[in-house]
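S.K.: Have a peek at input_30.cif (mmCIF, C-alpha atoms (C1' of nucleotides)).
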```
data_my_file
#
loop_
_atom_site.label_atom_id
_atom_site.label_comp_id
_atom_site.auth_asym_id
_atom_site.auth_seq_id
_atom_site.Cartn_x
_atom_site.Cartn_y
_atom_site.Cartn_z
CA MET Z 226 -81.96 -55.82 -29.71
CA LYS Z 227 -80.75 -54.59 -33.05
CA THR Z 228 -80.49 -57.04 -35.90
CA GLY Z 229 -76.84 -56.14 -36.53
CA SER Z 230 -75.66 -57.00 -33.04
CA MET Z 231 -77.71 -60.16 -33.11
CA ILE Z 232 -75.96 -61.34 -36.25
CA PHE Z 233 -72.56 -60.57 -34.77
CA SER Z 234 -73.33 -62.88 -31.89
CA LEU Z 235 -73.30 -65.74 -34.38
CA LEU Z 236 -69.53 -65.41 -34.61
CA HIS Z 237 -69.34 -67.25 -31.32
CA VAL Z 238 -70.38 -70.52 -32.92
CA PRO Z 239 -67.47 -72.92 -33.57
CA ARG Z 240 -65.40 -72.50 -36.72
CA PHE Z 241 -65.69 -74.96 -39.57
CA ARG Z 242 -69.41 -75.23 -39.00
CA ILE Z 243 -70.82 -72.62 -41.28
CA GLN Z 244 -73.64 -75.03 -42.06
CA SER Z 245 -74.61 -74.92 -38.44
CA LEU Z 246 -74.07 -71.20 -38.52
CA ALA Z 247 -76.72 -70.83 -41.18
CA ASN Z 248 -79.10 -72.93 -39.14
CA CYS Z 249 -78.21 -70.98 -36.06
CA TRP Z 250 -78.96 -67.78 -37.91
CA GLY Z 251 -82.35 -69.14 -38.86
CA GLU Z 252 -83.09 -70.14 -35.33
CA THR Z 253 -81.86 -66.83 -34.01
CA PHE Z 254 -84.11 -64.98 -36.40
CA HIS Z 255 -86.97 -67.23 -35.42
CA SER Z 256 -86.54 -66.54 -31.73
CA PHE Z 257 -86.04 -62.89 -32.55
CA SER Z 258 -89.34 -62.78 -34.42
CA THR Z 259 -91.06 -64.50 -31.53
CA THR Z 260 -89.67 -61.96 -29.13
CA CYS Z 261 -90.61 -59.03 -31.27
CA GLY Z 262 -93.88 -60.41 -32.49
CA ASN Z 263 -92.88 -59.91 -36.13
CA ASN Z 264 -93.23 -62.46 -38.86
CA TYR Z 265 -89.55 -62.85 -39.81
CA ASN Z 266 -88.36 -65.60 -42.09
CA VAL Z 267 -84.83 -66.58 -42.91
CA ARG Z 268 -83.89 -66.96 -46.53
CA LEU Z 269 -80.25 -67.72 -46.50
CA LEU Z 270 -79.27 -69.35 -49.75
CA GLY Z 271 -76.00 -70.89 -49.02
CA SER Z 272 -73.51 -73.12 -47.33
CA ARG Z 273 -74.87 -76.31 -48.71
CA ILE Z 274 -72.78 -79.41 -49.05
CA TYR Z 275 -71.21 -80.21 -52.38
CA GLY Z 276 -69.12 -83.37 -52.51
CA LEU Z 277 -66.22 -82.32 -54.70
CA GLN Z 278 -62.77 -83.63 -55.22
CA GLY Z 279 -62.91 -86.46 -52.79
CA GLY Z 280 -65.44 -84.79 -50.56
CA GLN Z 281 -68.12 -87.04 -49.22
CA ARG Z 282 -71.54 -86.98 -50.75
CA LYS Z 283 -73.86 -86.01 -47.99
CA LYS Z 284 -77.46 -85.21 -47.73
CA TRP Z 285 -78.17 -81.74 -46.58
CA THR Z 286 -80.70 -81.88 -43.82
CA ARG Z 287 -81.06 -78.24 -42.96
CA PRO Z 288 -84.72 -77.41 -42.41
CA ILE Z 289 -85.90 -75.76 -45.58
CA THR Z 290 -88.90 -75.40 -47.78
CA THR Z 291 -88.97 -74.58 -51.48
CA ASN Z 292 -90.53 -71.46 -52.80
CA ILE Z 293 -90.26 -70.32 -56.39
CA GLU Z 294 -90.33 -66.56 -56.45
CA GLY Z 295 -90.18 -63.85 -59.05
CA LYS Z 296 -91.81 -63.04 -62.30
CA GLY Z 297 -92.29 -65.91 -64.67
CA SER Z 298 -91.18 -68.57 -62.23
CA THR Z 299 -92.52 -71.82 -63.53
CA LYS Z 300 -91.71 -75.47 -63.17
CA SER Z 301 -89.96 -75.36 -66.50
CA LYS Z 302 -87.22 -73.25 -64.91
CA SER Z 303 -83.92 -74.98 -64.38
CA ILE Z 304 -83.03 -77.01 -61.35
CA LYS Z 305 -80.49 -74.38 -60.44
CA HIS Z 306 -83.15 -71.74 -60.29
CA GLU Z 307 -85.26 -73.87 -58.03
CA ILE Z 308 -82.33 -74.39 -55.72
CA LEU Z 309 -81.47 -70.72 -55.66
CA SER Z 310 -85.00 -69.69 -54.98
CA GLU Z 311 -85.64 -71.93 -52.05
CA THR Z 312 -86.84 -70.22 -48.94
CA ILE Z 313 -85.44 -71.40 -45.67
CA LEU Z 314 -87.73 -71.31 -42.72
CA ALA Z 315 -86.77 -72.00 -39.15
CA ASN Z 316 -89.57 -74.47 -38.65
CA ALA Z 317 -90.04 -76.05 -42.09
CA THR Z 318 -89.22 -79.52 -43.37
CA VAL Z 319 -86.41 -81.08 -45.42
CA ASN Z 320 -86.17 -80.75 -49.19
CA VAL Z 321 -82.88 -81.66 -50.84
CA ASN Z 322 -82.41 -81.70 -54.59
CA LYS Z 323 -80.32 -84.81 -55.14
CA ARG Z 324 -79.95 -84.19 -58.88
CA GLN Z 325 -78.25 -80.91 -58.14
CA LEU Z 326 -75.81 -82.59 -55.78
CA ASP Z 327 -75.08 -85.30 -58.33
CA LYS Z 328 -74.37 -82.70 -60.99
CA SER Z 329 -71.85 -81.06 -58.71
CA GLN Z 330 -70.01 -84.36 -58.33
CA GLU Z 331 -69.02 -84.08 -61.95
CA ILE Z 332 -67.05 -80.88 -61.45
CA GLN Z 333 -63.33 -81.39 -61.19
CA TYR Z 334 -60.85 -78.76 -60.11
CA CYS Z 335 -57.98 -81.13 -59.76
CA ASP Z 336 -54.94 -79.27 -61.09
CA ILE Z 337 -54.81 -76.33 -58.74
CA GLN Z 338 -55.90 -78.21 -55.67
CA GLN Z 339 -53.47 -81.03 -56.38
CA GLU Z 340 -50.67 -78.50 -56.69
CA ILE Z 341 -51.60 -76.98 -53.36
CA ALA Z 342 -51.57 -80.42 -51.78
CA GLU Z 343 -48.24 -81.45 -53.28
CA ASN Z 344 -46.24 -78.25 -52.87
CA LYS Z 345 -45.41 -77.37 -49.29
CA ASP Z 346 -44.61 -73.77 -50.21
CA LEU Z 347 -48.11 -73.34 -51.57
CA SER Z 348 -49.96 -75.42 -49.03
CA SER Z 349 -51.00 -72.35 -47.08
CA TYR Z 350 -53.11 -70.96 -49.94
CA THR Z 351 -56.85 -71.24 -50.22
CA VAL Z 352 -58.34 -70.58 -53.65
CA ILE Z 353 -61.92 -69.34 -53.70
CA VAL Z 354 -63.77 -68.61 -56.94
CA PHE Z 355 -66.51 -66.05 -56.46
CA ASP Z 356 -69.08 -64.01 -58.33
CA ILE Z 357 -71.54 -61.25 -57.50
CA GLU Z 358 -74.75 -60.04 -59.06
CA THR Z 359 -75.52 -56.36 -58.67
CA THR Z 360 -78.15 -53.78 -59.47
CA GLY Z 361 -75.87 -52.26 -62.11
CA PHE Z 362 -72.32 -51.39 -63.08
CA SER Z 363 -71.56 -48.43 -60.85
CA ARG Z 364 -69.72 -49.49 -57.73
CA GLU Z 365 -70.62 -46.16 -56.12
CA ASN Z 366 -74.32 -46.12 -56.82
CA GLU Z 367 -75.30 -49.76 -57.25
CA ARG Z 368 -75.54 -52.60 -54.74
CA ILE Z 369 -74.72 -56.30 -54.55
CA ILE Z 370 -77.83 -58.50 -54.61
CA GLU Z 371 -76.29 -61.96 -54.75
CA ILE Z 372 -72.94 -63.44 -53.84
CA ALA Z 373 -71.56 -66.94 -54.36
CA LEU Z 374 -68.23 -68.53 -53.43
CA ARG Z 375 -66.63 -71.89 -54.06
CA ASP Z 376 -63.52 -73.08 -52.25
CA LEU Z 377 -61.68 -75.22 -54.79
CA GLN Z 378 -60.44 -77.60 -52.15
CA GLY Z 379 -63.99 -78.93 -52.13
CA GLY Z 380 -65.44 -81.07 -49.40
CA GLU Z 381 -68.00 -80.09 -46.86
CA ASN Z 382 -69.25 -76.51 -46.92
CA SER Z 383 -67.08 -75.65 -49.89
CA THR Z 384 -69.76 -73.36 -51.31
CA PHE Z 385 -71.51 -70.34 -49.93
CA GLN Z 386 -74.25 -68.39 -51.66
CA THR Z 387 -76.91 -65.97 -50.65
CA LEU Z 388 -79.17 -63.28 -51.97
CA VAL Z 389 -78.57 -59.85 -50.45
CA ASN Z 390 -81.19 -57.25 -49.64
CA PRO Z 391 -79.95 -54.05 -51.35
CA GLN Z 392 -82.69 -51.94 -49.75
CA CYS Z 393 -83.41 -50.43 -53.12
CA LYS Z 394 -85.10 -51.39 -56.38
CA VAL Z 395 -83.51 -53.92 -58.72
CA PRO Z 396 -83.67 -52.30 -62.17
CA ASN Z 397 -81.89 -55.03 -64.13
CA SER Z 398 -83.87 -58.18 -63.36
CA HIS Z 399 -83.84 -58.99 -67.08
CA ILE Z 400 -80.11 -59.73 -66.73
CA HIS Z 401 -80.08 -62.16 -63.82
CA GLY Z 402 -83.71 -62.87 -63.03
CA ILE Z 403 -83.40 -61.49 -59.51
CA THR Z 404 -86.32 -59.20 -58.80
CA THR Z 405 -86.93 -56.46 -56.27
CA HIS Z 406 -89.57 -58.71 -54.74
CA MET Z 407 -87.07 -61.53 -54.22
CA VAL Z 408 -84.49 -59.48 -52.32
CA ASN Z 409 -86.32 -56.63 -50.64
CA LYS Z 410 -87.73 -58.70 -47.84
CA PRO Z 411 -86.96 -58.55 -44.13
CA GLY Z 412 -85.72 -62.15 -44.20
CA VAL Z 413 -83.09 -61.66 -46.91
CA PRO Z 414 -79.87 -60.53 -45.22
CA ARG Z 415 -78.70 -56.99 -45.78
CA MET Z 416 -75.03 -56.49 -46.54
CA GLU Z 417 -74.34 -55.24 -43.03
CA ASP Z 418 -75.85 -58.47 -41.67
CA LEU Z 419 -74.01 -60.64 -44.16
CA ILE Z 420 -70.49 -59.22 -43.83
CA PRO Z 421 -69.62 -60.84 -40.46
CA ILE Z 422 -71.01 -64.17 -41.64
CA LEU Z 423 -69.08 -63.95 -44.89
CA LEU Z 424 -65.86 -63.12 -43.07
CA GLN Z 425 -66.47 -66.02 -40.71
CA TYR Z 426 -67.05 -68.36 -43.63
CA VAL Z 427 -63.80 -67.35 -45.33
CA ARG Z 428 -61.93 -67.72 -42.05
CA SER Z 429 -63.33 -71.22 -41.74
CA ARG Z 430 -61.78 -72.10 -45.14
CA GLU Z 431 -58.36 -70.55 -44.46
CA LYS Z 432 -55.31 -72.56 -43.59
CA PRO Z 433 -53.52 -71.43 -40.40
CA GLY Z 434 -51.50 -68.33 -41.24
CA GLY Z 435 -52.32 -68.74 -44.91
CA ASP Z 436 -53.54 -66.42 -47.64
CA VAL Z 437 -56.79 -66.61 -49.56
CA ILE Z 438 -56.85 -66.02 -53.31
CA PHE Z 439 -60.24 -64.83 -54.56
CA VAL Z 440 -60.76 -65.45 -58.26
CA ALA Z 441 -63.33 -63.73 -60.47
CA HIS Z 442 -63.70 -62.74 -64.11
CA ASN Z 443 -62.99 -59.03 -64.51
CA ALA Z 444 -62.25 -59.00 -60.78
CA ARG Z 445 -59.98 -55.96 -60.95
CA CYS Z 446 -62.52 -53.64 -62.52
CA PHE Z 447 -65.80 -55.01 -61.23
CA ASP Z 448 -66.15 -57.62 -58.49
CA VAL Z 449 -63.30 -56.54 -56.22
CA PRO Z 450 -64.06 -52.78 -56.26
CA PHE Z 451 -67.69 -53.66 -55.49
CA ILE Z 452 -66.65 -55.81 -52.53
CA ILE Z 453 -64.24 -53.15 -51.26
CA ASN Z 454 -66.91 -50.46 -51.49
CA GLU Z 455 -69.54 -52.58 -49.74
CA LEU Z 456 -67.16 -53.39 -46.86
CA ARG Z 457 -66.05 -49.79 -46.54
CA ARG Z 458 -69.65 -48.66 -46.44
CA TYR Z 459 -69.86 -50.50 -43.13
CA SER Z 460 -66.32 -49.56 -42.00
CA VAL Z 461 -64.97 -53.07 -42.49
CA GLU Z 462 -61.41 -53.47 -43.79
CA ILE Z 463 -60.40 -56.13 -46.29
CA PRO Z 464 -58.39 -58.73 -44.32
CA PRO Z 465 -54.66 -58.38 -45.07
CA ASN Z 466 -54.35 -62.02 -46.18
CA TRP Z 467 -56.87 -61.61 -49.04
CA LEU Z 468 -55.42 -61.66 -52.55
CA PHE Z 469 -57.38 -61.32 -55.78
CA LEU Z 470 -56.90 -62.87 -59.18
CA ASP Z 471 -58.55 -61.68 -62.38
CA THR Z 472 -59.13 -64.30 -65.10
CA LEU Z 473 -59.78 -61.67 -67.76
CA PRO Z 474 -56.05 -60.94 -68.35
CA LEU Z 475 -55.48 -64.70 -68.50
CA ALA Z 476 -58.01 -64.92 -71.33
CA ARG Z 477 -56.23 -62.06 -73.13
CA GLU Z 478 -52.96 -63.89 -72.62
CA LEU Z 479 -54.44 -67.01 -74.16
CA ILE Z 480 -55.54 -65.10 -77.27
CA LYS Z 481 -52.12 -63.49 -77.57
CA SER Z 482 -50.41 -66.83 -77.28
CA GLY Z 483 -52.25 -68.01 -80.41
CA GLY Z 484 -53.40 -71.53 -81.08
CA THR Z 485 -56.91 -70.86 -79.86
CA THR Z 486 -60.22 -70.12 -81.51
CA LEU Z 487 -61.12 -67.79 -78.67
CA SER Z 488 -62.16 -64.47 -80.19
CA SER Z 489 -63.60 -62.77 -77.14
CA THR Z 490 -62.44 -62.68 -73.54
CA SER Z 491 -65.94 -62.85 -72.06
CA LEU Z 492 -66.97 -65.57 -69.66
CA ALA Z 493 -69.49 -66.83 -72.22
CA ALA Z 494 -66.79 -67.15 -74.88
CA LEU Z 495 -64.56 -69.06 -72.47
CA ARG Z 496 -67.46 -71.36 -71.60
CA ASP Z 497 -67.99 -72.05 -75.28
CA LEU Z 498 -64.29 -72.61 -75.89
CA TYR Z 499 -64.08 -75.27 -73.21
CA GLY Z 500 -67.50 -76.76 -73.92
CA ILE Z 501 -68.84 -75.98 -70.46
CA LYS Z 502 -72.57 -76.38 -70.31
CA VAL Z 503 -74.54 -74.04 -68.09
CA ASP Z 504 -76.81 -75.90 -65.74
CA GLY Z 505 -79.19 -73.14 -64.81
CA SER Z 506 -79.52 -69.48 -65.57
CA ALA Z 507 -76.25 -67.85 -66.63
CA HIS Z 508 -75.76 -64.61 -64.73
CA ARG Z 509 -76.77 -66.25 -61.49
CA ALA Z 510 -73.82 -66.10 -59.16
CA MET Z 511 -73.27 -69.79 -58.38
CA VAL Z 512 -73.83 -70.85 -61.99
CA ASP Z 513 -71.09 -68.46 -63.10
CA VAL Z 514 -68.86 -69.55 -60.20
CA ASN Z 515 -69.13 -73.19 -61.25
CA ALA Z 516 -68.31 -72.30 -64.85
CA LEU Z 517 -65.37 -70.09 -63.86
CA SER Z 518 -63.98 -72.80 -61.58
CA LEU Z 519 -63.70 -75.10 -64.58
CA ILE Z 520 -62.44 -72.32 -66.84
CA LEU Z 521 -59.70 -71.45 -64.35
CA SER Z 522 -58.47 -75.02 -64.37
CA ARG Z 523 -58.42 -75.14 -68.18
CA LEU Z 524 -56.87 -71.68 -68.57
CA THR Z 525 -54.02 -72.41 -66.20
CA SER Z 526 -53.44 -75.68 -68.01
CA ASP Z 527 -53.42 -74.07 -71.46
CA LEU Z 528 -51.14 -71.25 -70.33
CA LYS Z 529 -48.98 -73.70 -68.39
CA LEU Z 530 -49.34 -71.61 -65.26
CA THR Z 531 -48.54 -72.91 -61.82
CA LEU Z 532 -50.16 -71.73 -58.64
CA SER Z 533 -46.97 -69.75 -57.99
CA ASP Z 534 -47.60 -67.93 -61.27
CA LEU Z 535 -51.17 -67.20 -60.20
CA VAL Z 536 -49.93 -65.84 -56.88
CA LYS Z 537 -47.56 -63.54 -58.79
CA LYS Z 538 -50.43 -62.35 -60.97
CA SER Z 539 -52.69 -61.72 -57.99
CA PHE Z 540 -53.21 -58.28 -56.52
CA THR Z 541 -54.28 -56.75 -53.23
CA GLU Z 542 -56.76 -54.08 -52.20
CA SER Z 543 -53.92 -51.57 -51.92
CA ASP Z 544 -52.84 -52.32 -55.50
CA ILE Z 545 -56.27 -51.16 -56.68
CA ILE Z 546 -56.19 -48.07 -54.49
CA ASN Z 547 -52.64 -47.21 -55.58
CA SER Z 548 -53.42 -47.50 -59.28
CA LYS Z 549 -56.48 -45.33 -58.74
CA ASN Z 550 -54.41 -42.69 -56.98
CA LYS Z 551 -51.75 -42.85 -59.69
CA LYS Z 552 -54.37 -42.15 -62.31
CA LYS Z 553 -55.72 -39.21 -60.30
CA ASN Z 554 -52.25 -37.72 -60.06
"C1'" DT W 229 -77.03 -28.11 -69.33
"C1'" DG W 230 -74.54 -32.01 -68.95
"C1'" DC W 231 -73.69 -36.23 -67.09
"C1'" DC W 232 -74.88 -40.97 -66.60
"C1'" DA W 233 -68.74 -46.81 -64.44
"C1'" DG W 234 -64.27 -47.49 -64.86
"C1'" DG W 235 -59.98 -49.89 -65.75
"C1'" DC W 236 -57.34 -52.26 -69.24
"C1'" DC W 237 -55.73 -52.92 -73.84
"C1'" DC W 238 -54.92 -51.84 -78.64
"C1'" DT W 239 -53.99 -48.65 -82.36
"C1'" DC W 240 -55.01 -45.69 -87.94
"C1'" DT W 241 -50.95 -44.52 -80.65
"C1'" DT W 242 -47.84 -41.45 -77.59
"C1'" DT W 243 -50.82 -38.68 -73.57
"C1'" DA W 244 -56.20 -39.69 -77.46
"C1'" DG W 245 -59.94 -42.49 -78.77
"C1'" DG W 246 -62.53 -46.50 -78.88
"C1'" DG W 247 -63.74 -51.25 -77.71
"C1'" DC W 248 -64.19 -54.79 -74.26
"C1'" DC W 249 -65.55 -56.70 -69.86
"C1'" DT W 250 -68.41 -56.97 -65.63
"C1'" DT W 251 -74.41 -56.29 -63.91
#
```
What does this structure look like when you write it as structure tokens?

M.R.:
Amino acid sequence: MKTGSMIFSLLHVPRFRIQSLANCWGETFHSFSTTCGNNYNVRLLGSRIYGLQGGQRKKWTRPITTNIEGKGSTKSKSIKHEILSETILANATVNVNKRQLDKSQEIQYCDIQQEIAENKDLSSYTVIVFDIETTGFSRENERIIEIALRDLQGGENSTFQTLVNPQCKVPNSHIHGITTHMVNKPGVPRMEDLIPILLQYVRSREKPGGDVIFVAHNARCFDVPFIINELRRYSVEIPPNWLFLDTLPLARELIKSGGTTLSSTSLAALRDLYGIKVDGSAHRAMVDVNALSLILSRLTSDLKLTLSDLVKKSFTESDIINSKNKKKN
DNA sequence: TGCCAGGCCCTCTTTAGGGCCTT
């Protein structure tokens, strides 16, 4: 049995249970390793429960064990790093970081989600903030090594994060702290293994017949082209109900509007402007997702933007391709 | 030998150049 087909079989598990899906994946890998006689581990870093915006605080009881990996990993590293570096084994024991869960309780994304709830015309939208870490800037030559998502409606399974095995060296560990050793392991999912799970996760967050708006900083020029390229590499099309929103033009708009001390449009400058403290290593995907979720709420408030405005400012995969073709011509 | 990411925005702009943003 090939690993790829094995992963696809996971799509048969019920929707809305991505948590179980992750467990199932672990168990599947475990049975697979038993069958093949190989020592496979599962290191899926994601789909944990964050109680946000009215979501219930729950204890995550997925079988896991903690393993700090990488150069210079010490106990003095942040809680976030410990969480992100945990290694999930099919037969290990429970270890939940309650402090991390408590921290997440403090995050509020009320404005946008409230608008979705109150406006029937917008109730079909799902807003997901996401971020990727990569081996470099070139979408053609570099690979994604970490991906994190947060559905702003909160509740159970509102976040998804995982390392990705790029099957190549990681030359820029000094940026994000993710080393070749951490990702180039048989147990870390490759992109081709991850894509069906990722698609299933997003489907589980969608409203019936609704669109999904993916939000990232510099999404148009970096994150989205990377995602498109990775999916195309494995002949997977971007679902037609996926829209993308870039917060970088919103930051430019804020500067143009005046009345702000913001001098740069970087994520770090926006964090500083809004006094958002980084709990963990900046340039790790979920840390940046959490920060951007708060920044999005503040930006839309400052610019007096409604969700309708954000929908108008969003773009599709074909918008990117068309603008590329226009430039070629 | 030359290239090495690429799209957007601004300007000492106008089809060019440079800076910014993402890892």

S.K.: Output the contact residues of chain Z with respect to chain W at a cut-off of 6 Å, based on all atoms listed in the file, as a VMD selection string.

M.R.: chain Z and resid 359 361 to 363 443 446 to 447

S.K.: In terms of the shortest atom-to-atom distance over all atoms listed in the file, which of Z:Lys502, Z:Arg415, Z:Arg430, Z:Lys481 is closest to Z:Phe385?

M.R.: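 Ranked by minimum distance to Z:Phe385, first place goes to Z:Arg430.
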
S.K.: Would you kindly return, as a list in words, each protein, DNA or RNA residue with an atom no farther than 10 Å from any atom of Z:Leu468, considering all atoms listed in the file and excluding same-chain residues fewer than 4 positions away?

M.R.: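 The filter keeps Tyr350, Thr351, Val352, Asp436, Val437, Ile438, Phe439, Val440, Ile463, Pro464, Val536, Lys538, Ser539, Phe540, Thr541 and Glu542 of chain Z.
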
S.K.: What does the structure give for the distance between atom CA of Z:Leu521 and atom CA of Z:Thr384, in Å to one decimal?

M.R.: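 Between atom CA of Z:Leu521 and atom CA of Z:Thr384 the gap works out to 16.6 Å.
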
S.K.: Show which residues sit within 10 Å of Z:Ser398, as a ChimeraX atom specification. Count all atoms listed in the file, and ignore same-chain residues fewer than 3 positions away.

M.R.: /Z:295-296,359-360,394-395,401-405 /W:251

S.K.: Quick one: apply the PyMOL selection byres ((chain Z and resi 408) around 9) to the file and drop the selected residues here as number ranges by chain.

M.R.: Z: 370-371, 388-392, 395, 403-407, 409-414

S.K.: Which of these residues is nearest to Z:Ile453, using all atoms listed in the file: Z:Leu498, Z:Ile400, Z:Ala373, Z:Ile545?

M.R.: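 Closest residue, counting all atoms listed in the file: Z:Ile545.
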
S.K.: Can you tell me how far atom CA of Z:Leu419 sits from atom CA of Z:Ile369, in Å to one decimal?

M.R.: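 Value for the atom CA of Z:Leu419-atom CA of Z:Ile369 distance: 11.3 Å.
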
S.K.: What separation in Å, quoted to one decimal, exists between atom CA of Z:Leu487 and atom CA of Z:His508?

M.R.: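 These two atoms are separated by 20.5 Å.
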
S.K.: Please write C-alpha atoms of stretch 475-502 of chain Z, from the structure given just now, as a JSON list (two decimals), in the first residue's frame.

M.R.:
```json
[["chain", "number", "residue", "atom", "x", "y", "z"],
["Z", 475, "LEU", "CA", -5.18, 47.31, 4.45],
["Z", 476, "ALA", "CA", -2.08, 48.42, 6.35],
["Z", 477, "ARG", "CA", -1.14, 50.73, 3.46],
["Z", 478, "GLU", "CA", -4.66, 52.10, 3.52],
["Z", 479, "LEU", "CA", -4.35, 52.80, 7.22],
["Z", 480, "ILE", "CA", -1.14, 54.78, 6.70],
["Z", 481, "LYS", "CA", -2.72, 56.73, 3.87],
["Z", 482, "SER", "CA", -5.73, 57.55, 5.97],
["Z", 483, "GLY", "CA", -3.46, 59.32, 8.47],
["Z", 484, "GLY", "CA", -4.00, 59.48, 12.19],
["Z", 485, "THR", "CA", -1.69, 56.58, 12.89],
["Z", 486, "THR", "CA", 1.88, 56.22, 14.05],
["Z", 487, "LEU", "CA", 2.31, 53.21, 11.79],
["Z", 488, "SER", "CA", 5.42, 53.78, 9.68],
["Z", 489, "SER", "CA", 5.83, 50.34, 8.17],
["Z", 490, "THR", "CA", 3.31, 47.87, 6.82],
["Z", 491, "SER", "CA", 5.08, 44.80, 8.18],
["Z", 492, "LEU", "CA", 3.37, 42.36, 10.50],
["Z", 493, "ALA", "CA", 5.83, 43.30, 13.25],
["Z", 494, "ALA", "CA", 4.97, 46.99, 12.91],
["Z", 495, "LEU", "CA", 1.25, 46.20, 13.09],
["Z", 496, "ARG", "CA", 1.85, 44.07, 16.18],
["Z", 497, "ASP", "CA", 3.66, 46.96, 17.79],
["Z", 498, "LEU", "CA", 0.97, 49.44, 16.80],
["Z", 499, "TYR", "CA", -1.76, 47.41, 18.45],
["Z", 500, "GLY", "CA", 0.37, 46.31, 21.41],
["Z", 501, "ILE", "CA", 0.08, 42.62, 20.57],
["Z", 502, "LYS", "CA", 2.54, 40.57, 22.53]]
```
